[in-house]
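S.K.: Sharing a structure, written as structure tokens. Questions coming.
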Amino acid sequence: MSRGNDRTTAKKPFVIGVAGGTCSGKTTFTERLEEVVGADHLAVIKQDAYYVRRDHQTFEQRAAANYDHPDAFDWDLTTDQLGRLIRGEIVDVPVYDYADHNRSNEVISVRPAPIIVFEGILALYDANLRDLYDLKVFVDTDADLRFIRRLQRDVVARGRTHDSIINQYLTTVRPSHLQFVEPSKRHADVIFPEGGHNDAAFEVLLARVNELIK
């Protein structure tokens, strides 16, 4: 039975929640999955899109905020849009402006697909979100490697200084990881040691995905 004009498939999609620390390899995992199943069969939503609006704050206040704390995210909008995507609706996902430290006025339309991936540091933190997943994944990578990757990424892609990146990591990123991200690992069905390039773990997960979406 059809569930709406925007529905691309009558079968309920297979939903994967992918969590892990900053620069742990979550995106690598998602990109590898997309290569195998094809972009037309995969819809991806990233948690960074759902940072709360900070229009009331100055740039300096926004720059100093803790973006790794659960309070940094709009959980109601996240759950609503993921739920609608699962039901077969097209959703307009917000676009976050990293340079301005605020949600922009742009959106990206994401269409439903047989496989839906929700990816983010706290993807396994919220119970309401976890209830929407068919499979919960935690990408587990050593802290020193994650920090080096973050340092390289933020300098090149986000135009930040070494000092600002180190300060942010020590004051907000690392404490929040230990308090919120790392404990969420206990909710995972599958743990990827050494990040998204773990071939053995990826093959096991891919076999399960292929079996469940047939």
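Letters A, B, ... go to the chains of the structure tokens in the order shown; residues in each chain start at 1; ligands are counted from 1 in the same order.
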Using backbone DSSP assignments, extract all alpha helix (DSSP H) residues from stretch 13-147 of chain A; output them as a PyMOL selection string.
M.R.: chain A and resi 26-37+59-64+75-86+127-130+143-147
S.K.: Produce a file of the selected residues containing C-alpha atoms, as a short mmCIF file (atom, residue, chain, number, x, y, z; two decimals), in the first residue's frame.
M.R.:
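Ended up saving to part-v7.cif:
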data_model
loop_
_atom_site.label_atom_id
_atom_site.label_comp_id
_atom_site.auth_asym_id
_atom_site.auth_seq_id
_atom_site.Cartn_x
_atom_site.Cartn_y
_atom_site.Cartn_z
CA LYS A 26 31.88 7.82 10.61
CA THR A 27 31.83 9.51 7.21
CA THR A 28 34.29 6.95 5.84
CA PHE A 29 31.92 4.19 6.90
CA THR A 30 28.97 5.91 5.23
CA GLU A 31 30.90 6.58 2.01
CA ARG A 32 32.02 2.94 1.82
CA LEU A 33 28.45 1.80 2.28
CA GLU A 34 27.30 4.17 -0.46
CA GLU A 35 29.94 2.81 -2.83
CA VAL A 36 28.60 -0.71 -2.36
CA VAL A 37 24.83 -0.17 -2.36
CA PHE A 59 30.00 35.61 16.97
CA GLU A 60 32.37 35.35 19.94
CA GLN A 61 29.72 33.60 22.04
CA ARG A 62 28.93 31.18 19.21
CA ALA A 63 32.61 30.41 18.70
CA ALA A 64 33.03 29.58 22.39
CA TRP A 75 16.52 16.87 19.12
CA ASP A 76 12.86 17.50 18.32
CA LEU A 77 13.60 18.57 14.75
CA THR A 78 16.07 15.71 14.33
CA THR A 79 13.58 13.06 15.42
CA ASP A 80 10.76 14.63 13.41
CA GLN A 81 12.70 14.77 10.15
CA LEU A 82 14.22 11.31 10.47
CA GLY A 83 10.78 9.90 11.26
CA ARG A 84 9.25 11.61 8.23
CA LEU A 85 12.03 10.31 5.99
CA ILE A 86 11.37 6.80 7.26
CA ALA A 127 16.52 7.05 23.23
CA ASN A 128 13.88 8.40 20.83
CA LEU A 129 16.38 8.29 17.97
CA ARG A 130 17.65 4.85 18.92
CA ALA A 143 41.76 9.56 20.77
CA ASP A 144 45.19 10.62 19.53
CA LEU A 145 44.38 9.67 15.96
CA ARG A 146 41.01 11.43 16.13
CA PHE A 147 42.66 14.60 17.42
#
S.K.: Tell me, which residues of chain A carry DSSP strand (DSSP E or B), written as an mmCIF file with N, CA, C and O atoms, in the first residue's frame?
M.R.:
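File produced: selection-v1.cif:
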data_model
loop_
_atom_site.group_PDB
_atom_site.id
_atom_site.type_symbol
_atom_site.label_atom_id
_atom_site.label_comp_id
_atom_site.auth_asym_id
_atom_site.auth_seq_id
_atom_site.Cartn_x
_atom_site.Cartn_y
_atom_site.Cartn_z
ATOM 1 N N PHE A 14 15.625 0.417 5.783
ATOM 2 C CA PHE A 14 16.512 -0.099 6.823
ATOM 3 C C PHE A 14 17.322 1.078 7.342
ATOM 4 O O PHE A 14 18.050 1.724 6.590
ATOM 5 N N VAL A 15 17.198 1.372 8.636
ATOM 6 C CA VAL A 15 17.773 2.595 9.201
ATOM 7 C C VAL A 15 18.977 2.256 10.073
ATOM 8 O O VAL A 15 18.893 1.417 10.977
ATOM 9 N N ILE A 16 20.090 2.936 9.799
ATOM 10 C CA ILE A 16 21.334 2.707 10.534
ATOM 11 C C ILE A 16 21.744 3.993 11.246
ATOM 12 O O ILE A 16 21.855 5.052 10.633
ATOM 13 N N GLY A 17 21.969 3.900 12.549
ATOM 14 C CA GLY A 17 22.532 5.006 13.309
ATOM 15 C C GLY A 17 24.024 4.784 13.479
ATOM 16 O O GLY A 17 24.451 3.724 13.937
ATOM 17 N N VAL A 18 24.835 5.787 13.082
ATOM 18 C CA VAL A 18 26.293 5.655 13.129
ATOM 19 C C VAL A 18 26.868 6.722 14.056
ATOM 20 O O VAL A 18 26.809 7.920 13.754
ATOM 21 N N ALA A 19 27.408 6.298 15.189
ATOM 22 C CA ALA A 19 27.981 7.217 16.175
ATOM 23 C C ALA A 19 29.479 6.985 16.294
ATOM 24 O O ALA A 19 30.038 6.035 15.737
ATOM 25 N N GLY A 20 30.124 7.871 17.053
ATOM 26 C CA GLY A 20 31.560 7.766 17.287
ATOM 27 C C GLY A 20 32.117 9.147 17.548
ATOM 28 O O GLY A 20 31.477 10.154 17.253
ATOM 29 N N LEU A 42 20.631 4.934 -0.962
ATOM 30 C CA LEU A 42 21.068 5.379 0.362
ATOM 31 C C LEU A 42 20.723 6.847 0.572
ATOM 32 O O LEU A 42 21.011 7.691 -0.265
ATOM 33 N N ALA A 43 20.078 7.138 1.703
ATOM 34 C CA ALA A 43 19.821 8.516 2.122
ATOM 35 C C ALA A 43 20.608 8.770 3.395
ATOM 36 O O ALA A 43 20.580 7.958 4.321
ATOM 37 N N VAL A 44 21.330 9.888 3.437
ATOM 38 C CA VAL A 44 22.194 10.191 4.582
ATOM 39 C C VAL A 44 21.787 11.525 5.196
ATOM 40 O O VAL A 44 21.602 12.522 4.499
ATOM 41 N N ILE A 45 21.656 11.524 6.519
ATOM 42 C CA ILE A 45 21.450 12.754 7.278
ATOM 43 C C ILE A 45 22.555 12.829 8.327
ATOM 44 O O ILE A 45 22.808 11.854 9.040
ATOM 45 N N LYS A 46 23.196 13.997 8.429
ATOM 46 C CA LYS A 46 24.268 14.176 9.408
ATOM 47 C C LYS A 46 23.779 15.031 10.568
ATOM 48 O O LYS A 46 23.084 16.031 10.381
ATOM 49 N N TYR A 51 22.358 21.410 14.655
ATOM 50 C CA TYR A 51 22.765 22.310 15.725
ATOM 51 C C TYR A 51 21.683 23.377 15.915
ATOM 52 O O TYR A 51 21.079 23.843 14.945
ATOM 53 N N PHE A 73 22.171 20.431 20.247
ATOM 54 C CA PHE A 73 21.397 19.892 19.133
ATOM 55 C C PHE A 73 19.894 20.084 19.323
ATOM 56 O O PHE A 73 19.390 20.076 20.448
ATOM 57 N N VAL A 91 12.393 15.422 3.051
ATOM 58 C CA VAL A 91 12.594 16.380 4.136
ATOM 59 C C VAL A 91 13.634 17.420 3.732
ATOM 60 O O VAL A 91 14.589 17.121 3.013
ATOM 61 N N ASP A 92 13.425 18.649 4.178
ATOM 62 C CA ASP A 92 14.359 19.754 3.937
ATOM 63 C C ASP A 92 15.275 19.887 5.146
ATOM 64 O O ASP A 92 14.914 20.484 6.167
ATOM 65 N N VAL A 93 16.455 19.328 5.025
ATOM 66 C CA VAL A 93 17.417 19.282 6.129
ATOM 67 C C VAL A 93 18.181 20.602 6.206
ATOM 68 O O VAL A 93 18.655 21.109 5.185
ATOM 69 N N PRO A 94 18.333 21.179 7.401
ATOM 70 C CA PRO A 94 19.078 22.437 7.536
ATOM 71 C C PRO A 94 20.538 22.290 7.108
ATOM 72 O O PRO A 94 21.100 21.189 7.122
ATOM 73 N N VAL A 95 21.141 23.409 6.764
ATOM 74 C CA VAL A 95 22.563 23.453 6.415
ATOM 75 C C VAL A 95 23.284 24.288 7.463
ATOM 76 O O VAL A 95 22.898 25.432 7.721
ATOM 77 N N TYR A 96 24.316 23.724 8.059
ATOM 78 C CA TYR A 96 25.053 24.437 9.097
ATOM 79 C C TYR A 96 26.241 25.176 8.499
ATOM 80 O O TYR A 96 26.959 24.639 7.656
ATOM 81 N N ASP A 97 26.459 26.409 8.940
ATOM 82 C CA ASP A 97 27.567 27.241 8.476
ATOM 83 C C ASP A 97 28.676 27.186 9.524
ATOM 84 O O ASP A 97 28.593 27.843 10.565
ATOM 85 N N ASN A 102 26.767 28.859 13.118
ATOM 86 C CA ASN A 102 25.310 28.996 13.239
ATOM 87 C C ASN A 102 24.630 28.271 12.084
ATOM 88 O O ASN A 102 25.233 28.050 11.029
ATOM 89 N N ARG A 103 23.374 27.930 12.296
ATOM 90 C CA ARG A 103 22.588 27.331 11.232
ATOM 91 C C ARG A 103 22.297 28.382 10.172
ATOM 92 O O ARG A 103 21.896 29.504 10.495
ATOM 93 N N SER A 104 22.508 28.040 8.907
ATOM 94 C CA SER A 104 22.227 28.974 7.820
ATOM 95 C C SER A 104 20.740 28.932 7.483
ATOM 96 O O SER A 104 19.967 28.174 8.066
ATOM 97 N N ASN A 105 20.343 29.751 6.518
ATOM 98 C CA ASN A 105 18.952 29.756 6.062
ATOM 99 C C ASN A 105 18.733 28.807 4.896
ATOM 100 O O ASN A 105 17.635 28.735 4.350
ATOM 101 N N GLU A 106 19.772 28.080 4.505
ATOM 102 C CA GLU A 106 19.668 27.134 3.408
ATOM 103 C C GLU A 106 19.201 25.770 3.907
ATOM 104 O O GLU A 106 19.364 25.437 5.086
ATOM 105 N N VAL A 107 18.630 25.004 3.007
ATOM 106 C CA VAL A 107 18.242 23.625 3.312
ATOM 107 C C VAL A 107 18.632 22.742 2.137
ATOM 108 O O VAL A 107 18.824 23.225 1.014
ATOM 109 N N ILE A 108 18.748 21.451 2.407
ATOM 110 C CA ILE A 108 18.993 20.452 1.370
ATOM 111 C C ILE A 108 17.873 19.427 1.426
ATOM 112 O O ILE A 108 17.585 18.873 2.491
ATOM 113 N N SER A 109 17.235 19.190 0.298
ATOM 114 C CA SER A 109 16.152 18.218 0.248
ATOM 115 C C SER A 109 16.733 16.807 0.176
ATOM 116 O O SER A 109 17.557 16.510 -0.690
ATOM 117 N N VAL A 110 16.296 15.959 1.108
ATOM 118 C CA VAL A 110 16.752 14.569 1.149
ATOM 119 C C VAL A 110 15.562 13.672 0.870
ATOM 120 O O VAL A 110 14.520 13.770 1.524
ATOM 121 N N ILE A 115 17.823 2.416 2.228
ATOM 122 C CA ILE A 115 18.702 2.467 3.391
ATOM 123 C C ILE A 115 18.846 3.921 3.819
ATOM 124 O O ILE A 115 19.114 4.796 2.996
ATOM 125 N N ILE A 116 18.658 4.177 5.099
ATOM 126 C CA ILE A 116 18.823 5.522 5.648
ATOM 127 C C ILE A 116 19.901 5.474 6.719
ATOM 128 O O ILE A 116 19.863 4.630 7.609
ATOM 129 N N VAL A 117 20.857 6.401 6.623
ATOM 130 C CA VAL A 117 21.924 6.487 7.614
ATOM 131 C C VAL A 117 21.831 7.830 8.334
ATOM 132 O O VAL A 117 21.768 8.882 7.698
ATOM 133 N N PHE A 118 21.791 7.770 9.665
ATOM 134 C CA PHE A 118 21.899 8.983 10.472
ATOM 135 C C PHE A 118 23.249 8.929 11.181
ATOM 136 O O PHE A 118 23.539 8.020 11.943
ATOM 137 N N GLU A 119 24.079 9.934 10.908
ATOM 138 C CA GLU A 119 25.474 9.910 11.329
ATOM 139 C C GLU A 119 25.794 11.104 12.216
ATOM 140 O O GLU A 119 25.472 12.236 11.878
ATOM 141 N N LEU A 135 19.680 -0.784 13.041
ATOM 142 C CA LEU A 135 21.042 -1.201 13.368
ATOM 143 C C LEU A 135 21.786 -0.010 13.952
ATOM 144 O O LEU A 135 21.751 1.092 13.396
ATOM 145 N N LYS A 136 22.480 -0.240 15.070
ATOM 146 C CA LYS A 136 23.214 0.832 15.744
ATOM 147 C C LYS A 136 24.708 0.523 15.687
ATOM 148 O O LYS A 136 25.151 -0.537 16.136
ATOM 149 N N VAL A 137 25.473 1.466 15.127
ATOM 150 C CA VAL A 137 26.908 1.274 14.895
ATOM 151 C C VAL A 137 27.696 2.328 15.671
ATOM 152 O O VAL A 137 27.312 3.501 15.696
ATOM 153 N N PHE A 138 28.795 1.905 16.276
ATOM 154 C CA PHE A 138 29.720 2.850 16.914
ATOM 155 C C PHE A 138 31.093 2.666 16.294
ATOM 156 O O PHE A 138 31.647 1.561 16.296
ATOM 157 N N VAL A 139 31.638 3.735 15.741
ATOM 158 C CA VAL A 139 32.963 3.714 15.128
ATOM 159 C C VAL A 139 33.969 4.135 16.192
ATOM 160 O O VAL A 139 33.960 5.272 16.660
ATOM 161 N N ASP A 140 34.836 3.212 16.586
ATOM 162 C CA ASP A 140 35.707 3.387 17.749
ATOM 163 C C ASP A 140 37.156 3.559 17.305
ATOM 164 O O ASP A 140 37.780 2.624 16.803
ATOM 165 N N VAL A 190 26.880 -3.015 16.731
ATOM 166 C CA VAL A 190 28.154 -3.318 16.081
ATOM 167 C C VAL A 190 29.152 -2.226 16.433
ATOM 168 O O VAL A 190 28.830 -1.039 16.335
ATOM 169 N N ILE A 191 30.365 -2.615 16.842
ATOM 170 C CA ILE A 191 31.436 -1.664 17.111
ATOM 171 C C ILE A 191 32.545 -1.870 16.086
ATOM 172 O O ILE A 191 32.998 -2.994 15.877
ATOM 173 N N PHE A 192 32.944 -0.763 15.425
ATOM 174 C CA PHE A 192 34.010 -0.796 14.437
ATOM 175 C C PHE A 192 35.315 -0.367 15.102
ATOM 176 O O PHE A 192 35.573 0.823 15.226
ATOM 177 N N PRO A 193 36.171 -1.293 15.528
ATOM 178 C CA PRO A 193 37.477 -0.893 16.057
ATOM 179 C C PRO A 193 38.329 -0.300 14.938
ATOM 180 O O PRO A 193 38.248 -0.723 13.779
#
S.K.: Which residue gives the smallest distance to A:Gly159 among A:Asp100, A:Asp55, A:Asp48, A:Asp40, with only C-alpha atoms counted?
M.R.: A:Asp100
S.K.: With only C-alpha atoms as the counted atoms, please give the residues lying no more than 6 Å from A:Ala72, apart from itself and same-chain residues fewer than 3 positions off, as a PyMOL selection string.
M.R.: chain A and resi 51-52+67+69
S.K.: In Å, rounded to a single decimal, give me how far atom CA of A:Ile165 is from atom CA of A:Cys23.
M.R.: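 One can read the atom CA of A:Cys23 to atom CA of A:Ile165 distance as 13.2 Å.
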S.K.: From the options A:Asp154, A:Gly25, A:Thr171, A:Gln179, which residue's atoms come nearest to A:Ala65, counting only C-alpha atoms?
M.R.: A:Thr171
S.K.: In Å, rounded to a single decimal, give me how far atom CA of A:Glu203 is from atom CA of A:Ala188.
M.R.: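 One can read the atom CA of A:Ala188 to atom CA of A:Glu203 distance as 17.0 Å.
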S.K.: Taking only C-alpha atoms into account, name the residue in A:Ala113, A:Gly120, A:Asn66, A:Gln47 that is nearest to A:Leu170.
M.R.: A:Asn66
S.K.: With distances taken over only C-alpha atoms, which residue among A:Ala99, A:Pro183, A:Asp134, A:Gly21 lies nearest A:Arg160?
M.R.: A:Ala99
S.K.: Just the number, please: distance in Å from atom CA of A:Leu205 to atom CA of A:Gln152, one decimal.
M.R.: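 These two atoms are separated by 29.1 Å.
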S.K.: Considering only C-alpha atoms, state which residue in the set A:Leu122, A:Asn210, A:Leu151, A:Arg54 is at the smallest distance from A:His41.
M.R.: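 Among the listed residues, A:Asn210 lies closest to A:His41.
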S.K.: Between A:Ile148, A:Ala49, A:Ile121, A:Ala39, which has the minimum distance to A:Ser176 (counting only C-alpha atoms)?
M.R.: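 Between A:Ile148, A:Ala49, A:Ile121, A:Ala39, the residue approaching A:Ser176 most closely is A:Ile121.
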